[in-house]
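*Asks:* Sending over a structure as structure tokens; questions will come in a sec.
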Amino acid sequence: MVFEQEGIRLFNTLQIRYYGLIIVLAMLVAAFIAARLAKRDGKDPEHIWGGLTWAIIPGIILARLWFVLFPPIAMTAGCATPVTTDLCRDTAWYLQNFFNLQDGAIAIWSGGLSIFGAVIGGLIGAYLYLRRNKLSMGPWLDIAAVALPLGQAIGRWANWVNQELYGSMTTLPWGITIESAKRVGQYTSTIDYPVATTFFHPLFLYESLWSFLAFIVLLNVFLRYRSRLLPGDIFLLYVMQYSVIRFLLEFLRVEVTLVAGVNWSQVVCVVAFIAALVYFLYRHRAGAANPAPQQSAAA
């Protein structure tokens, strides 16, 4: 076993990347917390692990598919220029190089997974599992909504390992350096932006800290105030809080995704926030909240 910069190499042939190890750790920790909450609430915690197994595959597929369909500008900057040496990896390129194990559409180990696609894919898998086992979706979504931010807080450190989630330049004391090979856009010039003296916003850290705070807040809501809420409300709160932080961080992000000149991630965040807020308010409107508030078995 040899420890390398990007991962652990076994038998000189198999490389296990730190990126993947951190993602797996994040999922296991989140599932463990969710299982504990389910058990505390009088539910069978085995359904958490069962739901996770159903959510993993569609979550990974949709996370990668979202990236392939909406690649960041760093991947497509060269598509609009006649210089053939410029990088041009748009959706068409990924589909044409689908089985390229280094950078193609299936090369998830090289980075390029979208949280939007991961959540949508995971929800699809979880929904199918819940339907198959005739379980009510709202209460289980609330449990997932508490654990998800903790998983995100851990998982964002995988972006630090790959040096792929950083923002614009900063003079703040917690700014980080990025090696030249991982830079994009104008920052690829080490003459104008020397590696040792150019610092960037650690967006992965900002989102990780926010997500951990969201975990604490949502856990407190789940344990203390859930009796005042309807099944699924905590999940709606999760959607709203993440939409806010992701929308704000996009202003600092270097590798944004543009569709017709508009930041696509911010559009998705605005739509998700408004939809979750409107649905939340509608459910609590006088006479609209037919389902009974949640009751904790351990309250």
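For the structure tokens, the naming scheme is as follows: chains receive sequential letters (A, B, ...) according to their order of presentation, residues are indexed from 1 within each chain, and ligands are indexed from 1 in presentation order.
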Extract the full set of alpha helix (DSSP H) residues from segment 172-211 of chain A according to DSSP on the backbone, and format it as a ChimeraX atom specification.
*Replies:* /A:203-211
*Asks:* Since we have the selection now, will you write its residues out, keeping N, CA and C atoms, as a PDB file, in the first residue's frame?
*Replies:*
```
ATOM      1  N   LEU A 203     -14.255  28.217  -0.919  1.00  0.00           N
ATOM      2  CA  LEU A 203     -15.705  28.043  -0.949  1.00  0.00           C
ATOM      3  C   LEU A 203     -16.130  26.718  -0.326  1.00  0.00           C
ATOM      4  N   PHE A 204     -15.305  25.703  -0.493  1.00  0.00           N
ATOM      5  CA  PHE A 204     -15.622  24.401   0.102  1.00  0.00           C
ATOM      6  C   PHE A 204     -15.745  24.552   1.618  1.00  0.00           C
ATOM      7  N   LEU A 205     -14.888  25.372   2.217  1.00  0.00           N
ATOM      8  CA  LEU A 205     -14.907  25.582   3.664  1.00  0.00           C
ATOM      9  C   LEU A 205     -16.142  26.374   4.080  1.00  0.00           C
ATOM     10  N   TYR A 206     -16.465  27.412   3.312  1.00  0.00           N
ATOM     11  CA  TYR A 206     -17.653  28.208   3.630  1.00  0.00           C
ATOM     12  C   TYR A 206     -18.905  27.335   3.635  1.00  0.00           C
ATOM     13  N   GLU A 207     -19.039  26.524   2.582  1.00  0.00           N
ATOM     14  CA  GLU A 207     -20.232  25.681   2.497  1.00  0.00           C
ATOM     15  C   GLU A 207     -20.211  24.587   3.551  1.00  0.00           C
ATOM     16  N   SER A 208     -19.040  24.068   3.863  1.00  0.00           N
ATOM     17  CA  SER A 208     -18.934  23.034   4.878  1.00  0.00           C
ATOM     18  C   SER A 208     -19.369  23.572   6.243  1.00  0.00           C
ATOM     19  N   LEU A 209     -18.889  24.759   6.590  1.00  0.00           N
ATOM     20  CA  LEU A 209     -19.255  25.351   7.882  1.00  0.00           C
ATOM     21  C   LEU A 209     -20.742  25.677   7.932  1.00  0.00           C
ATOM     22  N   TRP A 210     -21.279  26.227   6.826  1.00  0.00           N
ATOM     23  CA  TRP A 210     -22.711  26.522   6.769  1.00  0.00           C
ATOM     24  C   TRP A 210     -23.521  25.238   6.928  1.00  0.00           C
ATOM     25  N   SER A 211     -23.106  24.193   6.238  1.00  0.00           N
ATOM     26  CA  SER A 211     -23.847  22.928   6.286  1.00  0.00           C
ATOM     27  C   SER A 211     -23.828  22.334   7.687  1.00  0.00           C
TER      28      SER A 211
END
```
*Asks:* As number ranges by chain, which residues of segment 219-284 of chain A does DSSP assign to strand (DSSP E or B)?
*Replies:* A: 253, 258-259, 262-263
*Asks:* Give one line per residue of segment 36-123 of chain A that approaches segment 181-194 of chain A to at most 10 Å, naming the two atoms of the closest pair and their distance in Å to one decimal, counting only C-alpha atoms; sort by chain then ascending residue number and deliver it as a tab-separated table.
*Replies:*
```
residue	atom	partner	partner_atom	distance
A:Ile73	CA	A:Gly185	CA	8.6
A:Ala74	CA	A:Val184	CA	5.7
A:Met75	CA	A:Val184	CA	8.8
A:Ala77	CA	A:Gly185	CA	8.0
```
*Asks:* Leaving out Ile106 of chain A and any residue of its chain fewer than 3 positions from it, which residues lie within 10 Å of it when counting only C-alpha atoms, given as a PyMOL selection string?
*Replies:* chain A and resi 61+64-65+68+94-95+97-103+109-110
*Asks:* Write out the residues from the selection above, keeping N, CA and C atoms, as a JSON list (two decimals), in the first residue's frame.
*Replies:*
```json
[["chain", "number", "residue", "atom", "x", "y", "z"],
["A", 61, "ILE", "N", -25.40, 8.75, -10.56],
["A", 61, "ILE", "CA", -25.69, 8.92, -12.00],
["A", 61, "ILE", "C", -26.20, 10.32, -12.28],
["A", 64, "ARG", "N", -23.48, 13.08, -11.82],
["A", 64, "ARG", "CA", -22.57, 13.17, -12.96],
["A", 64, "ARG", "C", -23.30, 13.68, -14.20],
["A", 65, "LEU", "N", -24.54, 13.23, -14.39],
["A", 65, "LEU", "CA", -25.31, 13.66, -15.55],
["A", 65, "LEU", "C", -25.53, 15.17, -15.52],
["A", 68, "VAL", "N", -22.43, 16.81, -16.65],
["A", 68, "VAL", "CA", -22.23, 16.63, -18.09],
["A", 68, "VAL", "C", -23.17, 17.54, -18.89],
["A", 94, "TYR", "N", -18.44, 15.37, -23.90],
["A", 94, "TYR", "CA", -18.59, 14.31, -22.90],
["A", 94, "TYR", "C", -19.33, 13.10, -23.48],
["A", 95, "LEU", "N", -20.33, 13.34, -24.28],
["A", 95, "LEU", "CA", -21.08, 12.24, -24.88],
["A", 95, "LEU", "C", -20.25, 11.50, -25.92],
["A", 97, "ASN", "N", -17.03, 11.26, -25.83],
["A", 97, "ASN", "CA", -15.95, 10.58, -25.10],
["A", 97, "ASN", "C", -16.50, 9.91, -23.84],
["A", 98, "PHE", "N", -17.64, 9.29, -24.00],
["A", 98, "PHE", "CA", -18.37, 8.74, -22.87],
["A", 98, "PHE", "C", -17.53, 7.77, -22.05],
["A", 99, "PHE", "N", -16.77, 6.89, -22.73],
["A", 99, "PHE", "CA", -16.03, 5.84, -22.04],
["A", 99, "PHE", "C", -14.56, 6.19, -21.81],
["A", 100, "ASN", "N", -14.23, 7.47, -21.94],
["A", 100, "ASN", "CA", -12.88, 7.92, -21.63],
["A", 100, "ASN", "C", -12.67, 7.83, -20.13],
["A", 101, "LEU", "N", -11.82, 6.91, -19.69],
["A", 101, "LEU", "CA", -11.66, 6.65, -18.26],
["A", 101, "LEU", "C", -10.88, 7.73, -17.54],
["A", 102, "GLN", "N", -10.27, 8.66, -18.29],
["A", 102, "GLN", "CA", -9.51, 9.73, -17.67],
["A", 102, "GLN", "C", -10.38, 10.96, -17.41],
["A", 103, "ASP", "N", -11.12, 11.39, -18.41],
["A", 103, "ASP", "CA", -11.90, 12.62, -18.29],
["A", 103, "ASP", "C", -13.33, 12.50, -18.81],
["A", 109, "TRP", "N", -14.44, 9.63, -10.86],
["A", 109, "TRP", "CA", -13.31, 9.70, -9.94],
["A", 109, "TRP", "C", -12.40, 10.88, -10.23],
["A", 110, "SER", "N", -12.58, 11.51, -11.37],
["A", 110, "SER", "CA", -11.76, 12.68, -11.70],
["A", 110, "SER", "C", -12.40, 13.97, -11.22]]
```
*Asks:* Grab the atom CA of Phe199 of chain A to atom CA of Phe67 of chain A distance for me, in Å with one decimal place.
*Replies:* 26.2 Å
*Asks:* Using only C-alpha atoms, which residue out of A:Ser180, A:Thr53, A:Asn162, A:Thr91 lies closest to Tyr129 of chain A?
*Replies:* A:Thr53
*Asks:* Using only C-alpha atoms, can you tell me which of A:Ile154, A:Val254, A:Ile143, A:Ile108 comes closest to Met169 of chain A?
*Replies:*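 Closest to Met169 of chain A of all the choices is A:Val254.
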*Asks:* Find, counting only C-alpha atoms, the residue in A:Leu248, A:Arg17, A:Val146, A:Asp90 that gets nearest to Asn220 of chain A.
*Replies:*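 Closest residue, counting only C-alpha atoms: A:Val146.
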